[in-house]
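As provided, query.cif (mmCIF, C-alpha atoms and all ligand atoms) reads as follows.
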data_structure
loop_
_atom_site.group_PDB
_atom_site.id
_atom_site.type_symbol
_atom_site.label_atom_id
_atom_site.label_comp_id
_atom_site.auth_asym_id
_atom_site.auth_seq_id
_atom_site.Cartn_x
_atom_site.Cartn_y
_atom_site.Cartn_z
ATOM 1 C CA MET A 1 56.631 10.411 -46.317
ATOM 2 C CA ALA A 2 58.432 12.025 -49.253
ATOM 3 C CA ALA A 3 58.670 10.040 -52.466
ATOM 4 C CA GLN A 4 62.402 9.509 -52.072
ATOM 5 C CA ASP A 5 61.991 8.381 -48.467
ATOM 6 C CA ALA A 6 59.243 6.005 -49.485
ATOM 7 C CA GLN A 7 61.453 4.570 -52.185
ATOM 8 C CA THR A 8 64.333 4.123 -49.763
ATOM 9 C CA ALA A 9 61.990 2.331 -47.396
ATOM 10 C CA ARG A 10 60.911 0.011 -50.187
ATOM 11 C CA GLU A 11 64.504 -0.807 -51.090
ATOM 12 C CA ASP A 12 65.367 -1.453 -47.462
ATOM 13 C CA SER A 13 62.445 -3.837 -47.193
ATOM 14 C CA ILE A 14 63.458 -5.666 -50.344
ATOM 15 C CA GLY A 15 67.056 -5.845 -49.124
ATOM 16 C CA GLN A 16 65.957 -7.500 -45.899
ATOM 17 C CA ASP A 17 64.029 -10.089 -47.914
ATOM 18 C CA ARG A 18 67.171 -10.920 -49.875
ATOM 19 C CA ARG A 19 69.387 -11.243 -46.817
ATOM 20 C CA ALA A 20 67.078 -13.373 -44.716
ATOM 21 C CA PRO A 21 64.731 -15.552 -46.760
ATOM 22 C CA THR A 22 62.273 -17.472 -44.612
ATOM 23 C CA ALA A 23 59.639 -20.141 -45.153
ATOM 24 C CA THR A 24 56.930 -17.557 -44.482
ATOM 25 C CA PRO A 25 54.842 -16.931 -47.614
ATOM 26 C CA PHE A 26 55.095 -13.524 -49.262
ATOM 27 C CA ARG A 27 51.669 -11.887 -49.503
ATOM 28 C CA LEU A 28 51.145 -9.687 -52.522
ATOM 29 C CA LEU A 29 48.188 -7.456 -53.385
ATOM 30 C CA GLN A 30 47.502 -6.290 -56.951
ATOM 31 C CA LEU A 31 45.464 -3.173 -57.663
ATOM 32 C CA SER A 32 44.763 -2.220 -61.271
ATOM 33 C CA ASP A 33 43.156 0.433 -63.437
ATOM 34 C CA LEU A 34 42.348 2.960 -60.724
ATOM 35 C CA HIS A 35 41.610 5.753 -63.258
ATOM 36 C CA LEU A 36 41.930 8.497 -60.641
ATOM 37 C CA TYR A 37 41.340 12.211 -61.195
ATOM 38 C CA ALA A 38 43.019 15.219 -59.624
ATOM 39 C CA ASP A 39 39.556 16.648 -58.969
ATOM 40 C CA PRO A 40 38.077 14.578 -56.107
ATOM 41 C CA GLU A 41 34.560 15.024 -57.506
ATOM 42 C CA ARG A 42 35.148 13.901 -61.100
ATOM 43 C CA ARG A 43 33.572 10.649 -62.212
ATOM 44 C CA LEU A 44 34.352 7.977 -64.809
ATOM 45 C CA LEU A 45 31.168 6.550 -66.355
ATOM 46 C CA GLY A 46 29.241 7.753 -63.323
ATOM 47 C CA GLN A 47 31.638 6.389 -60.720
ATOM 48 C CA ASN A 48 33.815 8.446 -58.415
ATOM 49 C CA THR A 49 37.035 6.487 -58.840
ATOM 50 C CA ARG A 50 38.463 7.677 -55.519
ATOM 51 C CA ARG A 51 35.427 6.205 -53.773
ATOM 52 C CA THR A 52 35.623 2.895 -55.645
ATOM 53 C CA LEU A 53 39.337 2.670 -54.745
ATOM 54 C CA GLU A 54 38.473 3.300 -51.103
ATOM 55 C CA SER A 55 35.870 0.524 -51.215
ATOM 56 C CA VAL A 56 38.448 -1.913 -52.629
ATOM 57 C CA LEU A 57 41.081 -0.898 -50.064
ATOM 58 C CA ALA A 58 38.556 -1.374 -47.260
ATOM 59 C CA LEU A 59 37.810 -4.881 -48.544
ATOM 60 C CA ALA A 60 41.520 -5.742 -48.730
ATOM 61 C CA GLN A 61 42.064 -4.356 -45.236
ATOM 62 C CA ALA A 62 39.291 -6.640 -43.982
ATOM 63 C CA ARG A 63 40.407 -9.801 -45.786
ATOM 64 C CA TYR A 64 44.075 -9.716 -46.816
ATOM 65 C CA TRP A 65 45.992 -7.316 -44.635
ATOM 66 C CA PRO A 66 48.735 -6.445 -44.333
ATOM 67 C CA PRO A 67 50.241 -7.628 -47.611
ATOM 68 C CA ASP A 68 54.030 -7.544 -47.838
ATOM 69 C CA ALA A 69 53.838 -5.427 -51.001
ATOM 70 C CA ILE A 70 51.343 -3.938 -53.456
ATOM 71 C CA VAL A 71 51.771 -3.985 -57.247
ATOM 72 C CA LEU A 72 49.722 -1.447 -59.228
ATOM 73 C CA THR A 73 49.383 -2.464 -62.882
ATOM 74 C CA GLY A 74 48.658 0.741 -64.736
ATOM 75 C CA ASP A 75 45.936 3.203 -65.672
ATOM 76 C CA LEU A 76 46.536 4.689 -62.246
ATOM 77 C CA VAL A 77 45.309 8.101 -63.401
ATOM 78 C CA HIS A 78 42.719 9.070 -66.007
ATOM 79 C CA ASP A 79 43.200 12.824 -66.422
ATOM 80 C CA GLU A 80 46.996 12.883 -66.817
ATOM 81 C CA LEU A 81 47.352 15.529 -64.105
ATOM 82 C CA PRO A 82 50.116 15.661 -61.469
ATOM 83 C CA GLY A 83 47.593 16.172 -58.673
ATOM 84 C CA ALA A 84 46.075 12.745 -59.276
ATOM 85 C CA TYR A 85 49.499 11.087 -58.963
ATOM 86 C CA ARG A 86 50.268 13.097 -55.821
ATOM 87 C CA PHE A 87 46.946 12.027 -54.310
ATOM 88 C CA LEU A 88 47.752 8.379 -54.977
ATOM 89 C CA ARG A 89 51.278 8.693 -53.583
ATOM 90 C CA GLU A 90 49.974 10.192 -50.363
ATOM 91 C CA ARG A 91 47.279 7.513 -50.091
ATOM 92 C CA LEU A 92 49.742 4.674 -50.691
ATOM 93 C CA ASP A 93 52.425 6.113 -48.396
ATOM 94 C CA GLY A 94 49.747 6.331 -45.716
ATOM 95 C CA LEU A 95 49.166 2.582 -45.940
ATOM 96 C CA GLY A 96 52.746 1.875 -44.861
ATOM 97 C CA ILE A 97 53.081 -1.005 -47.365
ATOM 98 C CA PRO A 98 55.879 -1.104 -49.992
ATOM 99 C CA TYR A 99 54.403 -0.534 -53.458
ATOM 100 C CA HIS A 100 55.517 -0.766 -57.080
ATOM 101 C CA CYS A 101 53.806 1.010 -59.986
ATOM 102 C CA ILE A 102 53.662 0.053 -63.665
ATOM 103 C CA PRO A 103 52.356 2.484 -66.311
ATOM 104 C CA GLY A 104 49.215 1.873 -68.379
ATOM 105 C CA ASN A 105 48.035 3.472 -71.599
ATOM 106 C CA HIS A 106 46.148 6.195 -69.689
ATOM 107 C CA ASP A 107 49.220 7.158 -67.636
ATOM 108 C CA ARG A 108 51.780 9.897 -68.196
ATOM 109 C CA LEU A 109 55.077 8.170 -67.483
ATOM 110 C CA ASP A 110 56.895 11.408 -66.660
ATOM 111 C CA LEU A 111 54.263 12.296 -64.043
ATOM 112 C CA LEU A 112 54.122 8.757 -62.664
ATOM 113 C CA VAL A 113 57.908 8.750 -62.265
ATOM 114 C CA GLY A 114 58.123 12.311 -60.968
ATOM 115 C CA GLN A 115 55.185 12.308 -58.579
ATOM 116 C CA LEU A 116 54.681 8.688 -57.511
ATOM 117 C CA ASP A 117 57.266 5.983 -58.230
ATOM 118 C CA PRO A 118 60.746 6.903 -59.551
ATOM 119 C CA THR A 119 61.544 3.264 -60.337
ATOM 120 C CA ALA A 120 58.723 3.114 -62.917
ATOM 121 C CA ALA A 121 61.072 4.759 -65.440
ATOM 122 C CA SER A 122 62.660 1.375 -66.100
ATOM 123 C CA GLY A 123 61.125 -0.776 -68.851
ATOM 124 C CA LEU A 124 61.927 -3.947 -66.896
ATOM 125 C CA ARG A 125 62.483 -4.094 -63.152
ATOM 126 C CA ARG A 126 63.299 -7.092 -60.997
ATOM 127 C CA VAL A 127 61.997 -6.882 -57.448
ATOM 128 C CA ALA A 128 62.635 -9.557 -54.839
ATOM 129 C CA ALA A 129 59.531 -10.785 -53.023
ATOM 130 C CA GLY A 130 60.718 -13.203 -50.338
ATOM 131 C CA ALA A 131 61.931 -16.325 -52.140
ATOM 132 C CA TRP A 132 60.382 -15.092 -55.404
ATOM 133 C CA ASP A 133 61.238 -12.546 -58.086
ATOM 134 C CA LEU A 134 58.768 -10.110 -59.614
ATOM 135 C CA LEU A 135 59.533 -8.813 -63.112
ATOM 136 C CA LEU A 136 57.685 -5.552 -63.749
ATOM 137 C CA LEU A 137 57.357 -4.624 -67.424
ATOM 138 C CA ASP A 138 56.376 -1.414 -69.206
ATOM 139 C CA SER A 139 54.177 -2.419 -72.180
ATOM 140 C CA VAL A 140 52.993 1.084 -73.116
ATOM 141 C CA ILE A 141 53.368 2.626 -76.572
ATOM 142 C CA PRO A 142 53.176 6.391 -75.926
ATOM 143 C CA GLY A 143 49.988 7.865 -77.378
ATOM 144 C CA GLU A 144 48.405 4.504 -78.177
ATOM 145 C CA ALA A 145 45.850 2.333 -76.389
ATOM 146 C CA GLY A 146 47.484 -0.937 -77.420
ATOM 147 C CA GLY A 147 50.783 -2.215 -76.088
ATOM 148 C CA ARG A 148 54.113 -3.652 -77.175
ATOM 149 C CA LEU A 149 57.156 -5.018 -75.411
ATOM 150 C CA HIS A 150 60.280 -3.174 -76.520
ATOM 151 C CA ALA A 151 63.178 -5.253 -77.872
ATOM 152 C CA THR A 152 65.237 -4.365 -74.795
ATOM 153 C CA VAL A 153 62.470 -5.750 -72.544
ATOM 154 C CA LEU A 154 62.335 -9.005 -74.532
ATOM 155 C CA LYS A 155 66.128 -9.226 -74.233
ATOM 156 C CA GLY A 156 65.854 -8.611 -70.497
ATOM 157 C CA LEU A 157 63.282 -11.386 -70.171
ATOM 158 C CA ALA A 158 65.606 -13.803 -71.951
ATOM 159 C CA GLU A 159 68.456 -12.812 -69.647
ATOM 160 C CA ALA A 160 66.232 -13.256 -66.585
ATOM 161 C CA ALA A 161 65.296 -16.727 -67.829
ATOM 162 C CA ARG A 162 68.964 -17.672 -68.086
ATOM 163 C CA GLY A 163 70.136 -15.883 -64.967
ATOM 164 C CA ALA A 164 67.888 -16.927 -62.105
ATOM 165 C CA PRO A 165 66.347 -20.294 -62.885
ATOM 166 C CA ALA A 166 65.975 -21.300 -59.251
ATOM 167 C CA ARG A 167 63.764 -18.423 -58.087
ATOM 168 C CA PRO A 168 60.039 -18.732 -58.795
ATOM 169 C CA THR A 169 58.943 -15.701 -60.780
ATOM 170 C CA LEU A 170 55.849 -13.636 -61.542
ATOM 171 C CA VAL A 171 55.664 -11.154 -64.417
ATOM 172 C CA PHE A 172 53.425 -8.084 -64.196
ATOM 173 C CA LEU A 173 52.506 -5.750 -67.045
ATOM 174 C CA HIS A 174 49.524 -3.587 -68.020
ATOM 175 C CA HIS A 175 48.386 -4.994 -71.374
ATOM 176 C CA HIS A 176 47.111 -8.513 -72.043
ATOM 177 C CA LEU A 177 49.160 -11.013 -74.043
ATOM 178 C CA ALA A 178 46.358 -13.185 -75.461
ATOM 179 C CA PRO A 179 42.882 -12.443 -76.809
ATOM 180 C CA MET A 180 40.148 -12.169 -74.195
ATOM 181 C CA GLY A 181 37.412 -13.046 -76.719
ATOM 182 C CA SER A 182 36.204 -9.434 -76.693
ATOM 183 C CA ARG A 183 36.722 -7.749 -80.079
ATOM 184 C CA TRP A 184 37.136 -4.160 -78.929
ATOM 185 C CA ILE A 185 39.500 -5.059 -76.068
ATOM 186 C CA ASP A 186 41.524 -7.394 -78.234
ATOM 187 C CA THR A 187 42.465 -4.534 -80.567
ATOM 188 C CA MET A 188 44.467 -3.182 -77.611
ATOM 189 C CA GLN A 189 46.542 -6.163 -76.498
ATOM 190 C CA VAL A 190 50.336 -6.518 -76.704
ATOM 191 C CA ALA A 191 51.044 -6.350 -80.449
ATOM 192 C CA ASN A 192 54.127 -8.575 -80.373
ATOM 193 C CA ALA A 193 52.571 -11.102 -78.017
ATOM 194 C CA THR A 194 53.924 -14.104 -79.946
ATOM 195 C CA ALA A 195 57.514 -12.994 -79.387
ATOM 196 C CA ALA A 196 56.743 -12.077 -75.773
ATOM 197 C CA LEU A 197 55.158 -15.431 -75.006
ATOM 198 C CA ALA A 198 58.078 -17.251 -76.651
ATOM 199 C CA ALA A 199 60.518 -15.359 -74.415
ATOM 200 C CA LEU A 200 58.400 -15.953 -71.319
ATOM 201 C CA ALA A 201 57.966 -19.669 -72.030
ATOM 202 C CA LEU A 202 61.751 -20.086 -71.783
ATOM 203 C CA HIS A 203 61.750 -19.043 -68.125
ATOM 204 C CA PRO A 204 62.049 -22.289 -66.148
ATOM 205 C CA ALA A 205 60.484 -20.909 -62.957
ATOM 206 C CA LEU A 206 57.775 -18.601 -64.322
ATOM 207 C CA ARG A 207 54.531 -19.180 -62.417
ATOM 208 C CA ALA A 208 52.235 -16.606 -64.056
ATOM 209 C CA VAL A 209 52.008 -13.407 -66.090
ATOM 210 C CA ILE A 210 49.541 -10.955 -64.607
ATOM 211 C CA CYS A 211 47.950 -7.963 -66.312
ATOM 212 C CA GLY A 212 45.306 -5.291 -65.835
ATOM 213 C CA HIS A 213 43.878 -3.232 -68.745
ATOM 214 C CA VAL A 214 40.953 -5.560 -69.532
ATOM 215 C CA HIS A 215 38.933 -4.638 -66.396
ATOM 216 C CA GLN A 216 37.872 -8.249 -65.838
ATOM 217 C CA GLU A 217 39.134 -11.459 -64.264
ATOM 218 C CA ALA A 218 40.727 -14.151 -66.412
ATOM 219 C CA ASP A 219 42.898 -17.230 -65.944
ATOM 220 C CA GLN A 220 44.225 -18.687 -69.215
ATOM 221 C CA GLN A 221 46.928 -21.139 -70.235
ATOM 222 C CA VAL A 222 48.525 -19.990 -73.498
ATOM 223 C CA ALA A 223 51.681 -21.369 -75.147
ATOM 224 C CA GLY A 224 52.664 -22.999 -71.871
ATOM 225 C CA VAL A 225 52.292 -19.775 -69.851
ATOM 226 C CA ARG A 226 49.625 -19.040 -67.221
ATOM 227 C CA LEU A 227 48.044 -15.649 -67.949
ATOM 228 C CA LEU A 228 46.004 -13.941 -65.237
ATOM 229 C CA ALA A 229 43.955 -10.749 -65.606
ATOM 230 C CA THR A 230 42.603 -8.682 -62.753
ATOM 231 C CA PRO A 231 39.497 -6.504 -62.356
ATOM 232 C CA SER A 232 39.706 -2.739 -62.119
ATOM 233 C CA THR A 233 39.241 -0.913 -58.837
ATOM 234 C CA CYS A 234 36.533 1.092 -60.680
ATOM 235 C CA VAL A 235 34.302 0.050 -63.620
ATOM 236 C CA GLN A 236 34.327 -3.444 -65.195
ATOM 237 C CA PHE A 237 34.160 -4.463 -68.878
ATOM 238 C CA LEU A 238 31.704 -7.160 -69.915
ATOM 239 C CA PRO A 239 33.562 -10.380 -70.868
ATOM 240 C CA GLY A 240 32.918 -11.586 -74.408
ATOM 241 C CA SER A 241 31.412 -8.316 -75.633
ATOM 242 C CA ALA A 242 32.164 -7.380 -79.256
ATOM 243 C CA ASP A 243 31.839 -3.656 -78.570
ATOM 244 C CA PHE A 244 32.416 -1.516 -75.493
ATOM 245 C CA SER A 245 30.068 -2.675 -72.749
ATOM 246 C CA LEU A 246 30.103 -2.329 -68.975
ATOM 247 C CA ASP A 247 29.704 -5.307 -66.661
ATOM 248 C CA PRO A 248 27.606 -4.838 -63.508
ATOM 249 C CA ARG A 249 30.143 -6.881 -61.532
ATOM 250 C CA THR A 250 31.768 -4.852 -58.802
ATOM 251 C CA PRO A 251 35.347 -3.562 -58.348
ATOM 252 C CA GLY A 252 38.010 -5.763 -56.819
ATOM 253 C CA TYR A 253 41.629 -6.729 -56.274
ATOM 254 C CA ARG A 254 43.818 -9.799 -56.743
ATOM 255 C CA TRP A 255 45.648 -11.410 -53.836
ATOM 256 C CA LEU A 256 48.681 -13.615 -54.388
ATOM 257 C CA THR A 257 50.327 -15.779 -51.746
ATOM 258 C CA LEU A 258 53.854 -16.721 -52.844
ATOM 259 C CA HIS A 259 54.974 -19.803 -50.940
ATOM 260 C CA ALA A 260 58.690 -20.340 -50.367
ATOM 261 C CA ASP A 261 58.489 -23.755 -52.075
ATOM 262 C CA GLY A 262 57.401 -22.077 -55.334
ATOM 263 C CA HIS A 263 53.671 -22.764 -55.013
ATOM 264 C CA LEU A 264 51.337 -19.895 -55.977
ATOM 265 C CA GLU A 265 47.920 -19.302 -54.468
ATOM 266 C CA THR A 266 45.860 -16.491 -55.975
ATOM 267 C CA GLY A 267 42.319 -15.223 -56.263
ATOM 268 C CA VAL A 268 40.138 -12.187 -56.857
ATOM 269 C CA GLU A 269 37.907 -10.522 -54.289
ATOM 270 C CA ARG A 270 35.167 -8.053 -55.173
ATOM 271 C CA THR A 271 33.232 -5.518 -53.150
ATOM 272 C CA ASP A 272 29.580 -6.177 -52.330
ATOM 273 C CA ALA A 273 28.308 -3.117 -54.195
ATOM 274 C CA TYR A 274 29.338 0.073 -55.978
ATOM 275 C CA PRO A 275 29.520 3.135 -53.727
ATOM 276 C CA GLU A 276 27.061 4.859 -56.113
ATOM 277 C CA PRO A 277 24.483 3.375 -58.524
ATOM 278 C CA LEU A 278 26.061 2.021 -61.694
ATOM 279 C CA THR A 279 24.802 3.279 -65.030
ATOM 280 C CA ILE A 280 25.443 0.732 -67.734
ATOM 281 C CA ALA A 281 26.902 3.068 -70.342
ATOM 282 C CA THR A 282 27.189 2.022 -73.958
ATOM 283 C CA GLN A 283 29.806 4.558 -74.946
ATOM 284 C CA GLY A 284 33.523 4.033 -74.566
ATOM 285 C CA TYR A 285 35.676 5.755 -71.997
HETATM 286 FE FE FE B 301 42.022 0.770 -67.620
#
Same coordinates, now as structure tokens:
Amino acid sequence: MAAQDAQTAREDSIGQDRRAPTATPFRLLQLSDLHLYADPERRLLGQNTRRTLESVLALAQARYWPPDAIVLTGDLVHDELPGAYRFLRERLDGLGIPYHCIPGNHDRLDLLVGQLDPTAASGLRRVAAGAWDLLLLDSVIPGEAGGRLHATVLKGLAEAARGAPARPTLVFLHHHLAPMGSRWIDTMQVANATAALAALALHPALRAVICGHVHQEADQQVAGVRLLATPSTCVQFLPGSADFSLDPRTPGYRWLTLHADGHLETGVERTDAYPEPLTIATQGY
């Protein structure tokens, strides 16, 4: 399916959700930090990231399939090459599930928009998900590993808080908003997190803010906001480590079941093993 056709299909699906809300829960799958390469044989810290993605997709297809939509929260590609984005588009289109992409610090926004998801050009997108809204934010500062929410995104969050108080809402972005207790990772969080959390806390129906970037699972309550982090589909970072350190825990995904009454169920599932032996590297990536 061509990118434009895929996008049209996604909009049609969303439109149907708006016209005919039902009591059926909306099932959402989050994939994060895929770090794909254009070259199918290239590896990140010893792992073929296409193979780890396939292992995570196989797990999701066994346990949580089909979701109603997939959200991909950045670092989709590691080598900043168009071929890697084209590969991912073809793989996702082949699943037949609507998907929404957010950029991470390793992404090239122009390539992501041009080759994979044209809607990713917007700094803040609202997507209907059954009875819920998803707000998809771009937290990337071009050329930097850390993140920031632009003033226009903060303004958009405030407007969303005022405009749709009745619809339960999830926010997705790449970078984390609160320290993870890991010195090297915490140098790369959202820089203006205090302002972002203040804006988010005003939303009367916000259920959670969900990020990638940290390559580990977390569930925190900060300034009245529930903050969730999700493992990578490739290598994992060791929680609590002062310096770069890999975690032997395996790749995974987050599932989210959005009930029509506003109740959120969510969890993380991990594969049984890496496709290839993991080398615990001590150097950064
Ligand atoms: Fe990443």
Quick one: residues within 12 Å of ligand FE 301 (chain B), with only C-alpha atoms and all ligand atoms, as JSON, numbers by chain? {"A": [31, 32, 33, 34, 35, 36, 44, 49, 72, 73, 74, 75, 76, 77, 78, 103, 104, 105, 106, 107, 145, 146, 174, 175, 176, 185, 188, 211, 212, 213, 214, 215, 216, 229, 230, 231, 232, 233, 234, 235, 236, 237, 284, 285]}
Would you kindly translate the PyMOL selection byres (((chain A and resi 117) around 10) and not hetatm) into the concrete residues it picks from this file, as a ChimeraX atom specification? /A:3-4,6-7,85,89,99-102,109,111-116,118-121
Quote the spacing between atom CA of Glu90 of chain A and atom CA of Val140 of chain A in Å to one decimal place.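 Interatomic distance, atom CA of Glu90 of chain A to atom CA of Val140 of chain A: 24.7 Å.
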Name the residues that the PyMOL selection byres (((chain A and resi 275-281) around 9) and not hetatm) pulls out of this structure, and write them as a compact mmCIF listing (two decimals) with C-alpha atoms, keeping the file's coordinate frame.
# COMPACT_ATOMS: atom_id res chain seq x y z
CA LEU A 45 31.17 6.55 -66.36
CA GLY A 46 29.24 7.75 -63.32
CA GLN A 47 31.64 6.39 -60.72
CA ASN A 48 33.82 8.45 -58.42
CA ARG A 51 35.43 6.20 -53.77
CA THR A 52 35.62 2.90 -55.64
CA SER A 55 35.87 0.52 -51.22
CA VAL A 235 34.30 0.05 -63.62
CA PHE A 244 32.42 -1.52 -75.49
CA SER A 245 30.07 -2.68 -72.75
CA LEU A 246 30.10 -2.33 -68.97
CA ASP A 247 29.70 -5.31 -66.66
CA PRO A 248 27.61 -4.84 -63.51
CA ALA A 273 28.31 -3.12 -54.20
CA TYR A 274 29.34 0.07 -55.98
CA THR A 282 27.19 2.02 -73.96
CA GLN A 283 29.81 4.56 -74.95
CA GLY A 284 33.52 4.03 -74.57
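Straight-line separation from atom CA of Gln30 of chain A to atom CA of Thr257 of chain A: 11.2 Å.
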Residue nearest Ile97 of chain A - candidates A:Asn192, A:Arg27, A:Val153, A:Gly224, atoms counted: all atoms listed in the file: A:Arg27
Between A:Pro168, A:Gly123, A:Gly94, A:Gly163, which has the minimum distance to Ala151 of chain A (counting only C-alpha atoms)? A:Gly123
Given the PyMOL selection byres (((chain A and resi 227) around 9) and not hetatm) and the file above, list the residues it selects as a PyMOL selection string. chain A and resi 176-178+208-211+218-222+225-226+228-229
As an exercise, work out the distance from atom CA of Trp132 of chain A to atom CA of Leu173 of chain A in Å and give it to one decimal place.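 That distance, rounded to one decimal, is 16.9 Å.
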Check the smallest atom-to-atom distance from each of A:Leu95, A:Val268, A:Leu149, A:Ala199 to Arg63 of chain A using all atoms listed in the file, then report the winner. A:Val268
Quick one: residues within 12 Å of Ala166 of chain A, all atoms listed in the file counted, chain neighbours fewer than 3 positions away excluded, as a PDB file with C-alpha atoms, in the frame of the given file?
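selection_31.pdb written:
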ATOM      1  CA  ALA A 131      61.931 -16.325 -52.140  1.00  0.00           C
ATOM      2  CA  TRP A 132      60.382 -15.092 -55.404  1.00  0.00           C
ATOM      3  CA  ASP A 133      61.238 -12.546 -58.086  1.00  0.00           C
ATOM      4  CA  ALA A 160      66.232 -13.256 -66.585  1.00  0.00           C
ATOM      5  CA  ALA A 161      65.296 -16.727 -67.829  1.00  0.00           C
ATOM      6  CA  ARG A 162      68.964 -17.672 -68.086  1.00  0.00           C
ATOM      7  CA  GLY A 163      70.136 -15.883 -64.967  1.00  0.00           C
ATOM      8  CA  THR A 169      58.943 -15.701 -60.780  1.00  0.00           C
ATOM      9  CA  HIS A 203      61.750 -19.043 -68.125  1.00  0.00           C
ATOM     10  CA  PRO A 204      62.049 -22.289 -66.148  1.00  0.00           C
ATOM     11  CA  ALA A 205      60.484 -20.909 -62.957  1.00  0.00           C
ATOM     12  CA  LEU A 206      57.775 -18.601 -64.322  1.00  0.00           C
ATOM     13  CA  ALA A 260      58.690 -20.340 -50.367  1.00  0.00           C
ATOM     14  CA  ASP A 261      58.489 -23.755 -52.075  1.00  0.00           C
ATOM     15  CA  GLY A 262      57.401 -22.077 -55.334  1.00  0.00           C
TER      16      GLY A 262
END
Would you mind telling me which residue in A:Ser182, A:Thr266, A:Thr187, A:Thr271 lies nearest to Leu29 of chain A when using only C-alpha atoms?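 Checking each candidate against Leu29 of chain A, we get A:Thr266 as the closest.
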